[in-house]
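See below for the structure under consideration.
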Amino acid sequence: GTSAFVDFGTSTSYSMRAPATPTADGEWEALLVGMKPSMDYHFQPVILDGDGEFAARDQRLTTGPAPSSLPDLSVTALDQDRATGGFFVMSLLSTPSAAVIVDDEGEYVWWHQAATEDFPVPRVLLSHDHQRMLYLGRQSQDDEETEHYIFQVSLDGSSVETLAVPDAHHDFLELPDGTFAVLTHDRRDVLGEEAL
């Protein structure tokens with residue numbers, strides 16, 4: 001069978017690789033996650049089939065800047081050998097709050113800031129299929145009361161879906177079947193008064 005990938009990095013040594021998938025129109029596409037903002041990158045598409053490996057010519061791109069509202073981060077590694085490589089999926093409890101992916105040098109390589117008012121994003125997860133970032137936030141809808149939502153953002157940023165989760169409280173999980181388990185407030189009447 002035929003497979004494809006894209007090698008990419010800050011030089012033609014290409015330190016990262018992303019798998020490519022065929023599209024309905026016979027083309028191939030790959031999502032390059034892990035690039036730092038405001039940097040020059042090289043990339044090279046490669047196809048493997050029964051006749052061997054075929055690499056396209058090296059190409060270049062420049063990434064855009066990170067939003068100025070994201071705070072500067074620093075990383076202190078207690079064991080540099082174990083800390084090299086990889087990414088952190090996390091939330092920023094700043095204003096505005098954000099769901100982010102950060103590399104081992106504390107550089108943003110992915111982010112999403114939704115209209116979450118002044119509510120910190122308490123939980124961020126990568127979906128089971130590794131195609132979406134999931135996070136808990138809240139927003140107002142059409143002058144109605146503020147509601148909590150699980151935001152589902154595709155890694156390429158092309159789609160943002162929301163799932164209303166009334167009375168959500170700080171944490172959730174995506175279950176293997178794609179549904180969610182959410183901690184919620186337990187509202188009860190106690191001696192005629194509403195209590196949480």
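Following the order of the structure tokens, chains are lettered A, B, ..., residues in each are numbered from 1, and ligands are numbered from 1.
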
Excluding Gly34 (chain A) and residues on its chain fewer than 6 positions from it, collect all residues at most 12 Å away from it, counting only C-alpha atoms, and give them as a list in words.
Asp7, Phe8, Gly9, Thr10, Ser15, Met16, Arg17, Ala18, Tyr41, Thr63, Gly85, Gly86, Phe87, Phe88, Val89, Val100, Ile101, Val102, Asp103, Asp104, Glu105, Gly106, Glu107, Tyr108, Val109, Trp110, Trp111, Leu155 and Asp156 of chain A

Residues at most 9 Å from Ser11 (chain A), counting only C-alpha atoms, excluding those fewer than 5 positions away in the same chain, as a short mmCIF file (atom, residue, chain, number, x, y, z; two decimals) with C-alpha atoms, in the first residue's frame?
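selection_22.cif was written with the following content:
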```cif
data_model
loop_
_atom_site.label_atom_id
_atom_site.label_comp_id
_atom_site.auth_asym_id
_atom_site.auth_seq_id
_atom_site.Cartn_x
_atom_site.Cartn_y
_atom_site.Cartn_z
CA ASP A 40 11.00 29.80 9.76
CA TYR A 41 10.48 26.09 9.08
CA HIS A 42 11.46 23.66 6.36
CA PHE A 43 9.11 20.85 5.31
#
```

Contacts of Pro45 (chain A) at 7 Å or less, counting only C-alpha atoms, minus same-chain residues fewer than 5 places along, as number ranges by chain? A: 5-7, 55-56

message = To test your reading of the structure, identify every residue in region 29-141 of chain A that backbone DSSP assigns to strand (DSSP E), and report it as an MDAnalysis selection string.
response = chainID A and resid 29:30 40:49 52:55 59:62 87:92 98:103 108:112 124:126 132:139

Min atom-atom distance to Leu134 (chain A) from the set A:Ala99, A:Ala4, A:Pro166, A:His148, counting only C-alpha atoms, belongs to A:Ala99

Quick check for you: according to DSSP on this backbone, which residues of region 44-129 of chain A are classed as alpha helix (DSSP H)? Reply as an mmCIF file with all heavy atoms, in the first residue's frame.
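Result file is part10.cif:
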```
data_model
loop_
_atom_site.group_PDB
_atom_site.id
_atom_site.type_symbol
_atom_site.label_atom_id
_atom_site.label_comp_id
_atom_site.auth_asym_id
_atom_site.auth_seq_id
_atom_site.Cartn_x
_atom_site.Cartn_y
_atom_site.Cartn_z
ATOM 1 N N GLN A 80 17.715 17.196 32.681
ATOM 2 C CA GLN A 80 17.622 17.629 31.288
ATOM 3 C C GLN A 80 17.460 16.463 30.314
ATOM 4 O O GLN A 80 16.726 16.562 29.334
ATOM 5 C CB GLN A 80 18.845 18.458 30.897
ATOM 6 C CG GLN A 80 18.713 19.143 29.551
ATOM 7 C CD GLN A 80 17.555 20.129 29.509
ATOM 8 O OE1 GLN A 80 17.344 20.926 30.419
ATOM 9 N NE2 GLN A 80 16.758 20.066 28.450
ATOM 10 N N ASP A 81 18.116 15.325 30.578
ATOM 11 C CA ASP A 81 18.002 14.182 29.677
ATOM 12 C C ASP A 81 16.575 13.657 29.601
ATOM 13 O O ASP A 81 16.092 13.264 28.543
ATOM 14 C CB ASP A 81 18.940 13.051 30.114
ATOM 15 C CG ASP A 81 20.403 13.420 29.933
ATOM 16 O OD1 ASP A 81 20.697 14.280 29.070
ATOM 17 O OD2 ASP A 81 21.241 12.860 30.649
ATOM 18 N N ARG A 82 15.875 13.652 30.716
ATOM 19 C CA ARG A 82 14.500 13.148 30.744
ATOM 20 C C ARG A 82 13.496 14.194 30.289
ATOM 21 O O ARG A 82 12.374 13.862 29.934
ATOM 22 C CB ARG A 82 14.151 12.670 32.149
ATOM 23 C CG ARG A 82 14.974 11.465 32.578
ATOM 24 C CD ARG A 82 14.653 11.040 33.982
ATOM 25 N NE ARG A 82 13.277 10.560 34.055
ATOM 26 C CZ ARG A 82 12.617 10.388 35.191
ATOM 27 N NH1 ARG A 82 13.195 10.654 36.342
ATOM 28 N NH2 ARG A 82 11.386 9.942 35.178
ATOM 29 N N ALA A 83 13.888 15.468 30.295
ATOM 30 C CA ALA A 83 12.951 16.542 29.973
ATOM 31 C C ALA A 83 12.973 16.933 28.500
ATOM 32 O O ALA A 83 12.140 17.709 28.060
ATOM 33 C CB ALA A 83 13.271 17.769 30.829
#
```

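In this model, the gap between CA of His169 (chain A) and CA of His128 (chain A) comes to 21.7 Å.
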
ask   = Got a sec: who's within 6 Å of Pro37 (chain A), counting only C-alpha atoms, leaving out chain neighbours fewer than 3 positions off, as a PyMOL selection string?
value = chain A and resi 63-66

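Nearest residue to Gly52 (chain A), choosing from A:Ser69, A:Ser91, A:Ser3, A:Ser74 and counting only C-alpha atoms: A:Ser3.
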
Here CA of His185 (chain A) and CA of Val124 (chain A) stand apart by 19.6 Å

- Item | Long-range neighbours of Leu175 (chain A) as number ranges by chain, 12 Å cut-off, only C-alpha atoms, 6 positions minimum in chain | A: 125, 127-129, 181-182

In Å and to one decimal, CA of Met133 (chain A) is distant from CA of Leu32 (chain A) by 15.0 Å

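Distances here use only C-alpha atoms; by that measure, the residue among A:Leu92, A:Leu163, A:Gln59, A:Asp49 closest to Leu73 (chain A) is A:Leu92.
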